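Undergrad: Got a structure for you, written out below as structure tokens; questions coming shortly.
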Amino acid sequence: MSSTMEWIRRTYDVPARHGMRIEYDGKPATIIGAGGASLRIRVDGDRRILPTHPCYRIVYPAVPAPTRPRGWCKHCGKDRAMTRDGVMAKHQWGGRSWSGSRSRRWSKPCPGSGQPPWKPVRNQTHPGEQRHSAA
């Protein structure tokens, strides 16, 4: 299961993270958290926390491109590195073992390793940016 913030990053192609400094409606703000499909932000100098859509009036800071291409794994739904061939690199997938102790965690190779990604990771700084690549 992925976190709400990870779901927001995957769905809206934005680089939202807890504690990230952003610009909301022309004013500096901080991402406090996420709930449902909305971000919780606090505008500088304001006490209240605003729930807002991840693409509404928010400008994210520029995020450097990763050294290796990344994609969303079809099986585990996580942001993972890809190989030069354009498939998901080997990674682990964790689960719980109910046969023994409930606190024991185990992991095994993810079935999504070696498969094409669900979609590439794109970190857009502002909604509408980079949606259509110039051909």
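Here's how to read the names in the structure tokens: chain A, B, ... by the order shown, residue numbers from 1 in each chain, ligand numbers from 1 in the order shown.
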Return as CSV the residues of range 5-78 of chain A lying at most 7 Å from range 116-120 of chain A, together with the closest atom-to-atom pair for each and the distance in Å to one decimal, counting only C-alpha atoms, with rows in chain order and ascending residue number.

TA:
residue,atom,partner,partner_atom,distance
A:Arg70,CA,A:Pro120,CA,6.1
A:Gly71,CA,A:Pro120,CA,4.1
A:Trp72,CA,A:Trp118,CA,5.4
A:Cys73,CA,A:Pro117,CA,5.2
A:Lys74,CA,A:Trp118,CA,5.0

Undergrad: Save out the residues we just selected, N, CA and C atoms, as a PDB file, in the first residue's frame.

TA:
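See selection-v4.pdb below for the written result:
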ATOM      1  N   ARG A  70      13.359   6.865 -14.030  1.00  0.00           N
ATOM      2  CA  ARG A  70      12.502   6.223 -13.026  1.00  0.00           C
ATOM      3  C   ARG A  70      11.118   5.999 -13.607  1.00  0.00           C
ATOM      4  N   GLY A  71      10.414   5.022 -13.049  1.00  0.00           N
ATOM      5  CA  GLY A  71       9.061   4.734 -13.477  1.00  0.00           C
ATOM      6  C   GLY A  71       8.250   4.169 -12.324  1.00  0.00           C
ATOM      7  N   TRP A  72       6.941   4.065 -12.534  1.00  0.00           N
ATOM      8  CA  TRP A  72       6.048   3.507 -11.513  1.00  0.00           C
ATOM      9  C   TRP A  72       5.845   2.033 -11.814  1.00  0.00           C
ATOM     10  N   CYS A  73       6.185   1.166 -10.869  1.00  0.00           N
ATOM     11  CA  CYS A  73       6.066  -0.288 -11.036  1.00  0.00           C
ATOM     12  C   CYS A  73       4.591  -0.678 -11.107  1.00  0.00           C
ATOM     13  N   LYS A  74       4.257  -1.530 -12.078  1.00  0.00           N
ATOM     14  CA  LYS A  74       2.860  -1.973 -12.229  1.00  0.00           C
ATOM     15  C   LYS A  74       2.417  -2.842 -11.055  1.00  0.00           C
TER      16      LYS A  74
END

Undergrad: Could you tell me how far CA of Ala65 in chain A sits from CA of Ala89 in chain A, in Å to one decimal place?

TA: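 Going from CA of Ala89 in chain A over to CA of Ala65 in chain A, I get 17.8 Å.
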
Undergrad: Report as a list in words all protein, DNA and RNA residues lying within 10 Å of Glu6 in chain A, evaluated on only C-alpha atoms, omitting residues in the same chain fewer than 4 positions from it.

TA: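 Once the nearby chain positions are removed, what remains is Met1, Ser2, Arg10, Thr11, Val14, Pro15, Ala16, Arg17, Ala34, Gly77, Lys78 and Asp79 of chain A.
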
Undergrad: Which of these, A:Ile22, A:Val59, A:Val87, A:Met82, has the shortest distance to Ile41 in chain A once you count only C-alpha atoms?

TA: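 Checking each of A:Ile22, A:Val59, A:Val87, A:Met82 against Ile41 in chain A, counting only C-alpha atoms, the winner is A:Ile22.
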
Undergrad: Can you list, as a list in words, every protein, DNA or RNA residue that comes within 9 Å of Ala37 in chain A when you count only C-alpha atoms, leaving out same-chain residues fewer than 3 positions away?

TA: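 The contact residues come out as Thr4, Met5, Trp7, Ile8, Ala34, Thr52, His53 and Pro54 of chain A.
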
Undergrad: What does the file look like for those residues with all heavy atoms, as an mmCIF file, in the first residue's frame?

TA:
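Result saved to result_21.cif:
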data_model
loop_
_atom_site.group_PDB
_atom_site.id
_atom_site.type_symbol
_atom_site.label_atom_id
_atom_site.label_comp_id
_atom_site.auth_asym_id
_atom_site.auth_seq_id
_atom_site.Cartn_x
_atom_site.Cartn_y
_atom_site.Cartn_z
ATOM 1 N N THR A 4 -0.522 8.422 0.895
ATOM 2 C CA THR A 4 -1.343 9.393 0.178
ATOM 3 C C THR A 4 -0.463 10.340 -0.632
ATOM 4 O O THR A 4 -0.783 10.682 -1.770
ATOM 5 C CB THR A 4 -2.192 10.197 1.172
ATOM 6 O OG1 THR A 4 -2.965 9.292 1.942
ATOM 7 C CG2 THR A 4 -3.124 11.158 0.460
ATOM 8 N N MET A 5 0.662 10.753 -0.067
ATOM 9 C CA MET A 5 1.559 11.665 -0.773
ATOM 10 C C MET A 5 2.138 10.984 -2.019
ATOM 11 O O MET A 5 2.251 11.604 -3.072
ATOM 12 C CB MET A 5 2.683 12.126 0.151
ATOM 13 C CG MET A 5 3.469 13.292 -0.370
ATOM 14 S SD MET A 5 2.551 14.838 -0.446
ATOM 15 C CE MET A 5 2.488 15.299 1.268
ATOM 16 N N TRP A 7 0.657 8.623 -3.708
ATOM 17 C CA TRP A 7 -0.463 8.543 -4.650
ATOM 18 C C TRP A 7 -0.641 9.872 -5.379
ATOM 19 O O TRP A 7 -0.874 9.903 -6.581
ATOM 20 C CB TRP A 7 -1.744 8.158 -3.907
ATOM 21 C CG TRP A 7 -2.921 8.039 -4.803
ATOM 22 C CD1 TRP A 7 -3.319 6.934 -5.488
ATOM 23 C CD2 TRP A 7 -3.853 9.076 -5.134
ATOM 24 N NE1 TRP A 7 -4.448 7.210 -6.223
ATOM 25 C CE2 TRP A 7 -4.796 8.526 -6.032
ATOM 26 C CE3 TRP A 7 -3.991 10.405 -4.776
ATOM 27 C CZ2 TRP A 7 -5.846 9.258 -6.560
ATOM 28 C CZ3 TRP A 7 -5.040 11.129 -5.307
ATOM 29 C CH2 TRP A 7 -5.958 10.556 -6.181
ATOM 30 N N ILE A 8 -0.507 10.983 -4.661
ATOM 31 C CA ILE A 8 -0.618 12.308 -5.276
ATOM 32 C C ILE A 8 0.498 12.512 -6.293
ATOM 33 O O ILE A 8 0.256 12.990 -7.398
ATOM 34 C CB ILE A 8 -0.623 13.412 -4.196
ATOM 35 C CG1 ILE A 8 -1.963 13.393 -3.453
ATOM 36 C CG2 ILE A 8 -0.363 14.786 -4.801
ATOM 37 C CD1 ILE A 8 -2.023 14.303 -2.248
ATOM 38 N N ALA A 34 -1.010 15.432 3.652
ATOM 39 C CA ALA A 34 -1.967 15.104 2.593
ATOM 40 C C ALA A 34 -3.103 14.304 3.197
ATOM 41 O O ALA A 34 -2.930 13.610 4.196
ATOM 42 C CB ALA A 34 -1.291 14.309 1.489
ATOM 43 N N THR A 52 -5.981 21.808 -0.277
ATOM 44 C CA THR A 52 -6.024 22.292 -1.650
ATOM 45 C C THR A 52 -5.655 21.187 -2.631
ATOM 46 O O THR A 52 -4.956 20.243 -2.277
ATOM 47 C CB THR A 52 -5.087 23.502 -1.840
ATOM 48 O OG1 THR A 52 -5.238 24.005 -3.156
ATOM 49 C CG2 THR A 52 -3.649 23.129 -1.612
ATOM 50 N N HIS A 53 -6.145 21.309 -3.845
ATOM 51 C CA HIS A 53 -5.842 20.354 -4.905
ATOM 52 C C HIS A 53 -4.369 20.487 -5.280
ATOM 53 O O HIS A 53 -3.842 21.601 -5.327
ATOM 54 C CB HIS A 53 -6.734 20.644 -6.119
ATOM 55 C CG HIS A 53 -6.676 19.590 -7.159
ATOM 56 N ND1 HIS A 53 -5.685 19.547 -8.105
ATOM 57 C CD2 HIS A 53 -7.477 18.531 -7.399
ATOM 58 C CE1 HIS A 53 -5.876 18.497 -8.888
ATOM 59 N NE2 HIS A 53 -6.965 17.868 -8.482
ATOM 60 N N PRO A 54 -3.668 19.381 -5.555
ATOM 61 C CA PRO A 54 -2.235 19.443 -5.866
ATOM 62 C C PRO A 54 -1.886 20.245 -7.117
ATOM 63 O O PRO A 54 -0.730 20.610 -7.306
ATOM 64 C CB PRO A 54 -1.847 17.976 -6.058
ATOM 65 C CG PRO A 54 -2.885 17.200 -5.360
ATOM 66 C CD PRO A 54 -4.135 17.998 -5.431
#

Undergrad: So what do you get for CA of Arg80 in chain A versus CA of Met20 in chain A, distance-wise?

TA: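 So the two atoms, CA of Arg80 in chain A and CA of Met20 in chain A, lie 21.0 Å apart.
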
Undergrad: Figure out the distance between CA of Arg42 in chain A and CA of Arg57 in chain A, please, to one decimal in Å.

TA: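 Rounded to one decimal, the two atoms are 13.6 Å apart.
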
Undergrad: Write down as a list of chain:residue names the residues of range 1-128 of chain A whose backbone DSSP state falls under alpha helix (DSSP H).

TA: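 Written out, the alpha helix (DSSP H) residues of range 1-128 of chain A are A:Thr4, A:Met5, A:Glu6, A:Trp7, A:Ile8, A:Arg9, A:Arg10, A:Thr11, A:Tyr12.
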
Undergrad: Keeping only C-alpha atoms, write those residues as a tab-separated table (two decimals), in the first residue's frame.

TA:
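Result file is out.tsv:
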chain	number	residue	atom	x	y	z
A	4	THR	CA	-1.34	9.39	0.18
A	5	MET	CA	1.56	11.67	-0.77
A	6	GLU	CA	2.98	8.97	-3.06
A	7	TRP	CA	-0.46	8.54	-4.65
A	8	ILE	CA	-0.62	12.31	-5.28
A	9	ARG	CA	2.85	12.28	-6.88
A	10	ARG	CA	1.89	9.34	-9.11
A	11	THR	CA	-1.55	10.63	-10.12
A	12	TYR	CA	-0.80	14.31	-10.70

Undergrad: Quick one: residues within 10 Å of Val43 in chain A, only C-alpha atoms, excluding same-chain residues fewer than 6 positions away - as a list in words?

TA: Arg21, Ile22, Glu23, Tyr24, Asp25, Lys27, Pro28, Ala29, Thr30, Ile31, Ile49 and Leu50 of chain A

Undergrad: For Lys108 in chain A, which residue out of A:Arg122, A:Cys76, A:Tyr60, A:Met88 is the nearest one, using only C-alpha atoms?

TA: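 For Lys108 in chain A, the nearest of the given residues is A:Cys76.
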
Undergrad: Choose the residue, out of A:Cys55, A:Ala81, A:Ala62, A:Cys110, that has the smallest atom-to-atom separation from Asp13 in chain A; count only C-alpha atoms.

TA: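 When distances to Asp13 in chain A are compared using only C-alpha atoms, the smallest one comes from A:Cys55.
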
Undergrad: Which parts of range 13-126 of chain A does DSSP call strand (DSSP E or B) when run on the backbone here, written out as a ChimeraX atom specification?

TA: /A:21-24,27-35,38-43,50-52,58-59,70-72,79-82,88,92-96,105-109,119-120
